[in-house]
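Okay, structure first, notes after.
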Amino acid sequence: DVRNVLWEFTNIVGRAMVEDQETDQQVTNHLAQLRTATEKGSFQEVKLAMFAVVQGINTLIDDRKKRQQQRLKKLGEKLCAVEEELGSARKQMTLDPLTQLFNRGALDLQLERTANVSFFSGTSSCILMVDVDHFKHINDTFGHPAGDAVLQQLVNRLVSTFPRKTDFIARYGGEEFCILLHNAGNELSQRLGERLLHTIRGEEFHYQDNRIPVTVSIGVAELIPGETVAS
């Protein structure tokens with residue numbers, strides 16, 4: 001797509017140069033007519049020639065402006081299309097394919113940003129690590145497609161429990177998930193963790209006709225301003 005835009009840009013510039021050369025030649029012709037009228041014509045002929053030249057040059061300028069606007073519009077539309085494609089590609093690069101949550105790379109970047117904001121603003125932030133208990137047993141008993149279904153159903157509960165735009169939910173790896181809560185202290189984060197446990201206990205997990213018993217363990221850590229992400 002980028003190559004196509006560059007190619008189109010090259011074509012537009014090339015056509016613009018040719019058209020501008022033609023316009024310049026027409027302006028030169030108009031000026032030559034005015035010069036001839038000035039040297040050989042009467043005052044009335046010079047006056048008429050001047051009006052004709054001014055009108056002709058104005059028309060050429062208007063046509064050039066319209067062409068430039070059309071070129072910019074066409075190129076802008078192509079650039080917008082490419083930008084949309086790139087934005088979609090960037091988003092896909094930050095998402096986990098199975099759960100459509102943010103992946104580990106996106107989480108690491110967000111953690112760094114949150115730590116920096118916390119350092120300068122002094123606001124609290126917490127992470128909750130959510131781990132599905134005995135997940136290998138689920139895969140071994142019901143099959144890996146069932147394990148995938150459990151993770152996807154767990155994601156629905158995560159999203160419903162942490163609905164704020166500032167809540168950052170990511171798949172940390174395997175059956176582990178991380179929720180980054182900005183501007184939330186340890187007490188609030190523990191309450192939200194308890195709410196997630198209550199939601200998981202209250203809603204059964206299913207795969208096809210099988211009811212799958214699922215529990216999770218949750219750990220909470222509060223970021224102290226000035227503390228590193230690793231610690």
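Chains: A, B, ... in order of the structure tokens. Residues: from 1 per chain. Ligands: from 1, in order shown.
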Enumerate, in order of chain and increasing residue number, the residues of region 107-127 of chain A with an atom no farther than 10 Å from region 147-169 of chain A, each with its shortest atom pair and distance in Å to one decimal, counting only C-alpha atoms, as a Markdown table.
| residue | atom | partner | partner_atom | distance |
| --- | --- | --- | --- | --- |
| A:Leu107 | CA | A:Phe168 | CA | 8.0 |
| A:Gln110 | CA | A:Phe168 | CA | 8.1 |
| A:Leu111 | CA | A:Phe168 | CA | 9.5 |
| A:Ile127 | CA | A:Phe168 | CA | 9.4 |
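Checking A:Ile138, A:Leu192, A:Ile57, A:Ala230 one by one against Asp24 (chain A), counting only C-alpha atoms, you find the shortest gap at A:Ile57.
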### Message
Using DSSP secondary structure from the backbone, list all helix (DSSP H, G or I) positions within region 3-230 of chain A, as a PyMOL selection string.
### Response
chain A and resi 3-40+43-93+104-121+135-142+144-161+186-202
### Query
Within 8 Å of Val53 (chain A), counting only C-alpha atoms, which residues qualify if same-chain residues fewer than 6 places away don't, as a PyMOL selection string?
chain A and resi 30-31+33-34
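Counting only C-alpha atoms and comparing A:Glu222, A:Glu203, A:Glu227, A:Glu39, the residue that lies closest to Ile179 (chain A) is A:Glu222.
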### Message
Which residues are near region 59-71 of chain A? Cut-off 8 Å, only C-alpha atoms, ignore same chain within fewer than 3 positions. Put them as a PyMOL selection string.
### Response
chain A and resi 12+16+20+23+27+55-56+74-75
### Message
Report as an MDAnalysis selection string all protein, DNA and RNA residues lying within 9 Å of Leu95 (chain A), evaluated on only C-alpha atoms, omitting residues in the same chain fewer than 3 positions from it.
### Response
chainID A and resid 91:92 98:104 106 170:171
Take the selection from the previous step and output its residues with N, CA and C atoms, as an mmCIF file, in the first residue's frame.
data_model
loop_
_atom_site.group_PDB
_atom_site.id
_atom_site.type_symbol
_atom_site.label_atom_id
_atom_site.label_comp_id
_atom_site.auth_asym_id
_atom_site.auth_seq_id
_atom_site.Cartn_x
_atom_site.Cartn_y
_atom_site.Cartn_z
ATOM 1 N N LYS A 91 -2.635 -2.387 15.639
ATOM 2 C CA LYS A 91 -3.525 -2.903 16.676
ATOM 3 C C LYS A 91 -3.446 -4.420 16.745
ATOM 4 N N GLN A 92 -3.434 -5.070 15.574
ATOM 5 C CA GLN A 92 -3.347 -6.520 15.562
ATOM 6 C C GLN A 92 -2.036 -7.005 16.166
ATOM 7 N N LEU A 98 -5.943 -15.346 20.444
ATOM 8 C CA LEU A 98 -7.034 -16.159 21.003
ATOM 9 C C LEU A 98 -8.041 -15.316 21.766
ATOM 10 N N THR A 99 -7.557 -14.474 22.659
ATOM 11 C CA THR A 99 -8.454 -13.752 23.565
ATOM 12 C C THR A 99 -8.814 -12.353 23.091
ATOM 13 N N GLN A 100 -8.046 -11.820 22.139
ATOM 14 C CA GLN A 100 -8.212 -10.443 21.665
ATOM 15 C C GLN A 100 -7.959 -9.419 22.773
ATOM 16 N N LEU A 101 -7.277 -9.852 23.835
ATOM 17 C CA LEU A 101 -6.776 -8.907 24.827
ATOM 18 C C LEU A 101 -5.408 -8.412 24.381
ATOM 19 N N PHE A 102 -4.895 -7.394 25.081
ATOM 20 C CA PHE A 102 -3.535 -6.952 24.794
ATOM 21 C C PHE A 102 -2.555 -8.069 25.131
ATOM 22 N N ASN A 103 -1.458 -8.120 24.373
ATOM 23 C CA ASN A 103 -0.464 -9.171 24.608
ATOM 24 C C ASN A 103 0.635 -8.683 25.557
ATOM 25 N N ARG A 104 1.619 -9.539 25.775
ATOM 26 C CA ARG A 104 2.672 -9.245 26.746
ATOM 27 C C ARG A 104 3.478 -8.008 26.333
ATOM 28 N N ALA A 106 2.477 -5.389 24.613
ATOM 29 C CA ALA A 106 1.680 -4.184 24.889
ATOM 30 C C ALA A 106 1.631 -3.908 26.385
ATOM 31 N N ALA A 170 -4.521 -7.642 29.980
ATOM 32 C CA ALA A 170 -3.626 -8.287 29.015
ATOM 33 C C ALA A 170 -3.475 -9.764 29.355
ATOM 34 N N ARG A 171 -3.199 -10.530 28.320
ATOM 35 C CA ARG A 171 -2.835 -11.936 28.532
ATOM 36 C C ARG A 171 -1.333 -11.975 28.774
#
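Distance check against Asp133 (chain A) using only C-alpha atoms: of A:Glu45, A:Gly105, A:Ile218, A:Leu72, the minimum falls on A:Ile218.
Across the model, the gap from CA of Val130 (chain A) to CA of Glu112 (chain A) is 20.0 Å.
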Check the DSSP output for the backbone and give back, as a JSON list (two decimals) with C-alpha atoms, in the first residue's frame, the residues of region 51-192 of chain A in strand (DSSP E).
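This went into part29.json:
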[["chain", "number", "residue", "atom", "x", "y", "z"],
["A", 125, "SER", "CA", -1.48, 2.01, 40.47],
["A", 126, "CYS", "CA", -1.90, -1.71, 41.02],
["A", 127, "ILE", "CA", -1.59, -4.90, 39.05],
["A", 128, "LEU", "CA", -3.65, -8.01, 39.55],
["A", 129, "MET", "CA", -2.16, -11.28, 38.33],
["A", 130, "VAL", "CA", -4.89, -13.82, 37.54],
["A", 131, "ASP", "CA", -3.90, -17.46, 37.14],
["A", 132, "VAL", "CA", -6.30, -20.29, 36.23],
["A", 167, "ASP", "CA", -8.27, -0.54, 33.12],
["A", 168, "PHE", "CA", -5.66, -2.33, 31.03],
["A", 169, "ILE", "CA", -6.25, -6.09, 30.64],
["A", 170, "ALA", "CA", -3.63, -8.29, 29.02],
["A", 171, "ARG", "CA", -2.83, -11.94, 28.53],
["A", 172, "TYR", "CA", 0.45, -12.38, 30.34],
["A", 173, "GLY", "CA", 1.05, -15.85, 28.94],
["A", 176, "GLU", "CA", -2.11, -16.06, 33.21],
["A", 177, "PHE", "CA", -3.66, -12.61, 32.87],
["A", 178, "CYS", "CA", -2.66, -9.22, 34.16],
["A", 179, "ILE", "CA", -4.95, -6.30, 34.95],
["A", 180, "LEU", "CA", -3.26, -2.93, 35.33],
["A", 181, "LEU", "CA", -5.39, -0.54, 37.37],
["A", 182, "HIS", "CA", -4.35, 3.08, 37.05]]
### Who sits within 7 Å of Gln190 (chain A), only C-alpha atoms, same chain under 4 positions skipped, as a ChimeraX atom specification
/A:186,194,220
### Task
Would you mind listing what lies within 12 Å of Arg201 (chain A) as an MDAnalysis selection string, with only C-alpha atoms counted and same-chain residues fewer than 5 positions away left out?
chainID A and resid 154 157 194:196 212:217
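One finds CA of Glu77 (chain A) at 16.1 Å from CA of Val13 (chain A).
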### Task
Between CA of Arg191 (chain A) and CA of His137 (chain A), measure the distance and give it in Å to one decimal.
28.8 Å
